[in-house]
$ cat coords.cif   # mmCIF, C-alpha atoms
data_protein
#
loop_
_atom_site.label_atom_id
_atom_site.label_comp_id
_atom_site.auth_asym_id
_atom_site.auth_seq_id
_atom_site.Cartn_x
_atom_site.Cartn_y
_atom_site.Cartn_z
CA SER N 1 -37.43 -7.74 -58.09
CA LYS N 2 -35.85 -4.73 -59.86
CA GLY N 3 -33.83 -3.74 -56.81
CA GLU N 4 -35.78 -0.49 -56.43
CA ARG N 5 -36.49 0.87 -52.97
CA LEU N 6 -40.24 1.01 -52.36
CA ALA N 7 -40.30 2.60 -48.91
CA GLU N 8 -38.14 3.83 -46.06
CA ALA N 9 -39.07 3.99 -42.40
CA THR N 10 -37.51 5.01 -39.14
CA SER N 11 -38.64 5.57 -35.60
CA SER N 12 -37.27 7.13 -32.47
CA TRP N 13 -38.48 5.82 -29.12
CA LEU N 14 -38.36 6.82 -25.48
CA ILE N 15 -38.28 4.42 -22.57
CA ILE N 16 -40.72 5.11 -19.76
CA ASP N 17 -40.56 3.70 -16.25
CA LEU N 18 -44.04 2.19 -15.86
CA GLY N 19 -44.02 2.75 -12.11
CA THR N 20 -43.27 6.47 -12.18
CA ARG N 21 -44.51 7.21 -15.75
CA ARG N 22 -41.28 9.20 -16.22
CA LEU N 23 -38.62 8.92 -18.92
CA VAL N 24 -35.63 6.69 -18.28
CA ARG N 25 -32.38 8.56 -18.89
CA ASN N 26 -29.67 7.26 -21.22
CA SER N 27 -27.29 7.01 -18.27
CA ASP N 28 -29.66 4.51 -16.65
CA LEU N 29 -29.36 2.32 -19.74
CA ALA N 30 -25.57 2.48 -19.91
CA SER N 31 -25.30 -0.52 -17.59
CA SER N 32 -27.21 -2.61 -20.17
CA PRO N 33 -25.81 -1.63 -23.59
CA GLU N 34 -27.00 -4.91 -25.11
CA LYS N 35 -30.56 -3.56 -24.83
CA CYS N 36 -29.83 -0.55 -27.04
CA THR N 37 -28.54 -0.20 -30.57
CA LYS N 38 -26.74 2.74 -32.11
CA GLU N 39 -27.39 1.47 -35.62
CA ASP N 40 -29.60 3.66 -37.83
CA ALA N 41 -32.06 2.03 -40.21
CA ILE N 42 -31.89 5.01 -42.60
CA ALA N 43 -29.69 8.09 -42.77
CA GLU N 44 -32.32 10.67 -41.77
CA PRO N 45 -33.83 10.46 -38.27
CA ALA N 46 -37.55 10.92 -37.67
CA GLY N 47 -38.33 14.64 -37.57
CA LYS N 48 -40.63 16.82 -35.53
CA VAL N 49 -44.11 17.66 -36.78
CA VAL N 50 -44.45 21.45 -36.85
CA GLN N 51 -47.93 22.67 -37.70
CA PRO N 52 -48.12 26.06 -39.45
CA VAL N 53 -48.92 28.77 -36.90
CA ASP N 54 -50.64 31.11 -39.36
CA ILE N 55 -53.55 28.75 -40.09
CA GLU N 56 -56.32 28.06 -37.58
CA PRO N 57 -56.86 24.30 -37.15
CA GLU N 58 -60.32 22.92 -37.86
CA LEU N 59 -61.83 20.73 -35.14
CA VAL N 60 -62.67 17.40 -36.77
CA ARG N 61 -64.18 15.65 -33.76
CA LYS N 62 -63.97 14.90 -30.06
CA HIS N 63 -63.02 11.26 -29.58
CA PRO N 64 -63.73 9.51 -26.28
CA VAL N 65 -61.07 6.86 -25.66
CA THR N 66 -62.51 3.34 -25.52
CA TRP N 67 -61.14 0.32 -23.65
CA SER N 68 -60.33 -1.47 -26.90
CA GLU N 69 -57.81 1.29 -27.67
CA ILE N 70 -55.77 0.71 -24.48
CA ASP N 71 -52.55 -1.33 -24.58
CA PRO N 72 -51.04 -3.49 -21.80
CA ASN N 73 -49.14 -0.43 -20.49
CA GLY N 74 -52.41 1.29 -19.64
CA HIS N 75 -52.42 4.00 -22.31
CA VAL N 76 -53.69 4.30 -25.90
CA ASN N 77 -51.96 1.91 -28.30
CA ASN N 78 -49.64 3.81 -30.67
CA VAL N 79 -51.41 2.45 -33.77
CA LYS N 80 -54.66 4.18 -32.75
CA TYR N 81 -53.15 7.65 -33.25
CA VAL N 82 -52.46 6.80 -36.89
CA VAL N 83 -56.03 5.52 -37.31
CA TRP N 84 -57.42 8.74 -35.79
CA ALA N 85 -55.21 10.84 -38.08
CA ILE N 86 -56.24 9.00 -41.24
CA ASP N 87 -59.89 9.29 -40.19
CA ALA N 88 -59.36 13.09 -40.04
CA VAL N 89 -58.49 13.23 -43.77
CA THR N 90 -61.31 13.94 -46.21
CA GLN N 91 -62.74 10.93 -48.03
CA GLU N 92 -62.02 12.64 -51.34
CA ASP N 93 -58.31 12.98 -50.57
CA ILE N 94 -58.08 9.36 -49.40
CA LYS N 95 -59.83 8.10 -52.57
CA GLU N 96 -58.04 10.34 -55.07
CA HIS N 97 -54.46 10.53 -53.75
CA GLN N 98 -51.82 8.08 -52.57
CA MET N 99 -50.18 8.77 -49.23
CA LYS N 100 -46.45 9.44 -49.66
CA GLU N 101 -45.37 10.27 -46.14
CA LEU N 102 -46.53 9.78 -42.56
CA LEU N 103 -44.72 11.40 -39.63
CA ILE N 104 -46.01 11.16 -36.08
CA ASN N 105 -44.84 12.63 -32.77
CA TYR N 106 -46.11 11.16 -29.51
CA ASP N 107 -45.98 14.03 -27.01
CA ALA N 108 -47.93 12.72 -24.00
CA GLU N 109 -49.86 9.62 -23.04
CA VAL N 110 -53.58 9.40 -23.74
CA MET N 111 -55.30 7.49 -20.96
CA PRO N 112 -58.58 5.62 -20.44
CA GLY N 113 -61.46 8.04 -20.00
CA ASP N 114 -59.77 10.90 -21.89
CA VAL N 115 -61.61 12.77 -24.62
CA VAL N 116 -59.25 13.71 -27.45
CA LYS N 117 -59.93 16.81 -29.53
CA ILE N 118 -58.69 15.96 -33.03
CA SER N 119 -57.99 18.94 -35.29
CA ARG N 120 -56.54 19.34 -38.77
CA VAL N 121 -54.92 21.82 -41.08
CA ARG N 122 -55.04 21.01 -44.80
CA ILE N 123 -52.63 22.66 -47.22
CA GLU N 124 -52.77 22.12 -50.96
CA ASN N 125 -50.09 23.44 -53.29
CA GLU N 126 -48.08 22.43 -56.36
CA GLU N 127 -46.21 19.80 -54.30
CA GLY N 128 -49.42 18.03 -53.25
CA ILE N 129 -51.66 17.92 -50.20
CA THR N 130 -50.37 18.03 -46.64
CA TYR N 131 -52.39 17.47 -43.48
CA TYR N 132 -51.27 18.44 -40.00
CA ILE N 133 -53.39 16.63 -37.44
CA THR N 134 -53.17 17.13 -33.70
CA GLY N 135 -54.79 15.43 -30.74
CA LYS N 136 -55.27 17.32 -27.50
CA VAL N 137 -56.62 16.41 -24.11
CA ALA N 138 -57.63 19.42 -21.97
CA ASP N 139 -55.69 21.77 -24.30
CA LYS N 140 -52.44 19.79 -23.90
CA GLN N 141 -51.09 18.38 -27.17
CA ASN N 142 -50.72 14.62 -26.95
CA PHE N 143 -49.76 13.84 -30.53
CA ALA N 144 -49.11 15.47 -33.89
CA VAL N 145 -49.23 13.84 -37.32
CA LYS N 146 -48.11 15.05 -40.74
CA LEU N 147 -49.59 13.23 -43.74
CA VAL N 148 -48.41 14.04 -47.26
CA PHE N 149 -50.41 12.98 -50.32
#
$ encode --input "coords.cif" --output "structure tokens"
Amino acid sequence: SKGERLAEATSSWLIIDLGTRRLVRNSDLASSPEKCTKEDAIAEPAGKVVQPVDIEPELVRKHPVTWSEIDPNGHVNNVKYVVWAIDAVTQEDIKEHQMKELLINYDAEVMPGDVVKISRVRIENEEGITYYITGKVADKQNFAVKLVF
């Protein structure tokens, strides 16, 4: 009501050919420009989550993927990664601090039957608390999340 901006969001997406499970190139989409937009929702694009290399991540848990987490495309629904990341934050931090930022990178599909190793790095400084959370299947990183409180 005061005209103040409460939140900003952006996302960057890839298109995958469901038959080959490979990325579709931009040139393949050029014949259908009505399916793509060049308009940006906000000035700054979604960034890349870069976990600090000088801190050893703490294993939070090993999560076996359940059927209820699979979407119609046959892989884990993108919302589940956010749920797993928030579940990796300490209860104290969730109760005592408001989340200010969430950034997620989807690096590889997580499939039915996979067991995801979810790890975290927690950094606290004068700017607040930052979590870097990663999910790996067989030592291959499938997603990375940065949460700022």
$ closest_residue --input "coords.cif" --among "N:Ser1, N:Ile129, N:Asn142, N:Ile123" --to "Pro52 of chain N" --atoms "all atoms listed in the file"
N:Ile123
$ closest_residue --input "coords.cif" --among "N:Arg5, N:Lys48, N:Lys136, N:Arg22" --to "Val115 of chain N" --atoms "all atoms listed in the file"
N:Lys136
$ residues_near_point --input "coords.cif" --point "(-50.4, 7.9, -36.2)" --cutoff "10 Å" --atoms "all atoms listed in the file" --output "list in words"
Asn78, Val79, Lys80, Tyr81, Val82, Val83, Trp84, Ala85, Ile86, Leu102, Leu103, Ile104, Asn105, Tyr106, Ile133, Thr134, Phe143, Ala144, Val145, Lys146 and Leu147 of chain N
$ residues_around --input "coords.cif" --residues "Val53 of chain N" --least-positions-apart "3" --cutoff "12 Å" --atoms "all atoms listed in the file" --output "list in words"
Val50, Glu56, Pro57, Val121 and Tyr132 of chain N
$ atom_distance --input "coords.cif" --atom1 "atom CA of Lys62 of chain N" --atom2 "atom CA of Ala46 of chain N"
27.8 Å
$ closest_residue --input "coords.cif" --among "N:Ile55, N:Ala7, N:Val76, N:Val24" --to "Gly113 of chain N" --atoms "all atoms listed in the file"
N:Val76
$ closest_residue --input "coords.cif" --among "N:Glu109, N:Lys95, N:Thr10, N:Leu59" --to "Pro45 of chain N" --atoms "only C-alpha atoms"
N:Thr10
$ residues_around --input "coords.cif" --residues "Asp139 of chain N" --least-positions-apart "4" --cutoff "12 Å" --atoms "all atoms listed in the file" --output "list in words"
Ala108, Asp114, Val115, Val116, Lys117, Ile118, Ser119, Thr134, Gly135 and Phe143 of chain N
$ atom_distance --input "coords.cif" --atom1 "atom CA of Ile16 of chain N" --atom2 "atom CA of Ile70 of chain N"
16.4 Å
$ atom_distance --input "coords.cif" --atom1 "atom CA of Tyr131 of chain N" --atom2 "atom CA of Asp71 of chain N"
26.7 Å
$ closest_residue --input "coords.cif" --among "N:Val148, N:Thr20, N:Glu92, N:Arg120" --to "Arg61 of chain N" --atoms "all atoms listed in the file"
N:Arg120
$ closest_residue --input "coords.cif" --among "N:Ala9, N:Leu18, N:Ile94, N:Ala88" --to "Gly47 of chain N" --atoms "only C-alpha atoms"
N:Ala9
$ resolve_selection --input "coords.cif" --expression "the PyMOL selection byres ((chain N and resi 128) around 10)" --output "ChimeraX atom specification"
/N:97,100,123-127,129-130,148-149
$ write_last_selection --input "coords.cif" --atoms "C-alpha atoms" --output "mmCIF file, in the frame of the given file"
data_model
loop_
_atom_site.group_PDB
_atom_site.id
_atom_site.type_symbol
_atom_site.label_atom_id
_atom_site.label_comp_id
_atom_site.auth_asym_id
_atom_site.auth_seq_id
_atom_site.Cartn_x
_atom_site.Cartn_y
_atom_site.Cartn_z
ATOM 1 C CA HIS N 97 -54.460 10.530 -53.750
ATOM 2 C CA LYS N 100 -46.450 9.440 -49.660
ATOM 3 C CA ILE N 123 -52.630 22.660 -47.220
ATOM 4 C CA GLU N 124 -52.770 22.120 -50.960
ATOM 5 C CA ASN N 125 -50.090 23.440 -53.290
ATOM 6 C CA GLU N 126 -48.080 22.430 -56.360
ATOM 7 C CA GLU N 127 -46.210 19.800 -54.300
ATOM 8 C CA ILE N 129 -51.660 17.920 -50.200
ATOM 9 C CA THR N 130 -50.370 18.030 -46.640
ATOM 10 C CA VAL N 148 -48.410 14.040 -47.260
ATOM 11 C CA PHE N 149 -50.410 12.980 -50.320
#
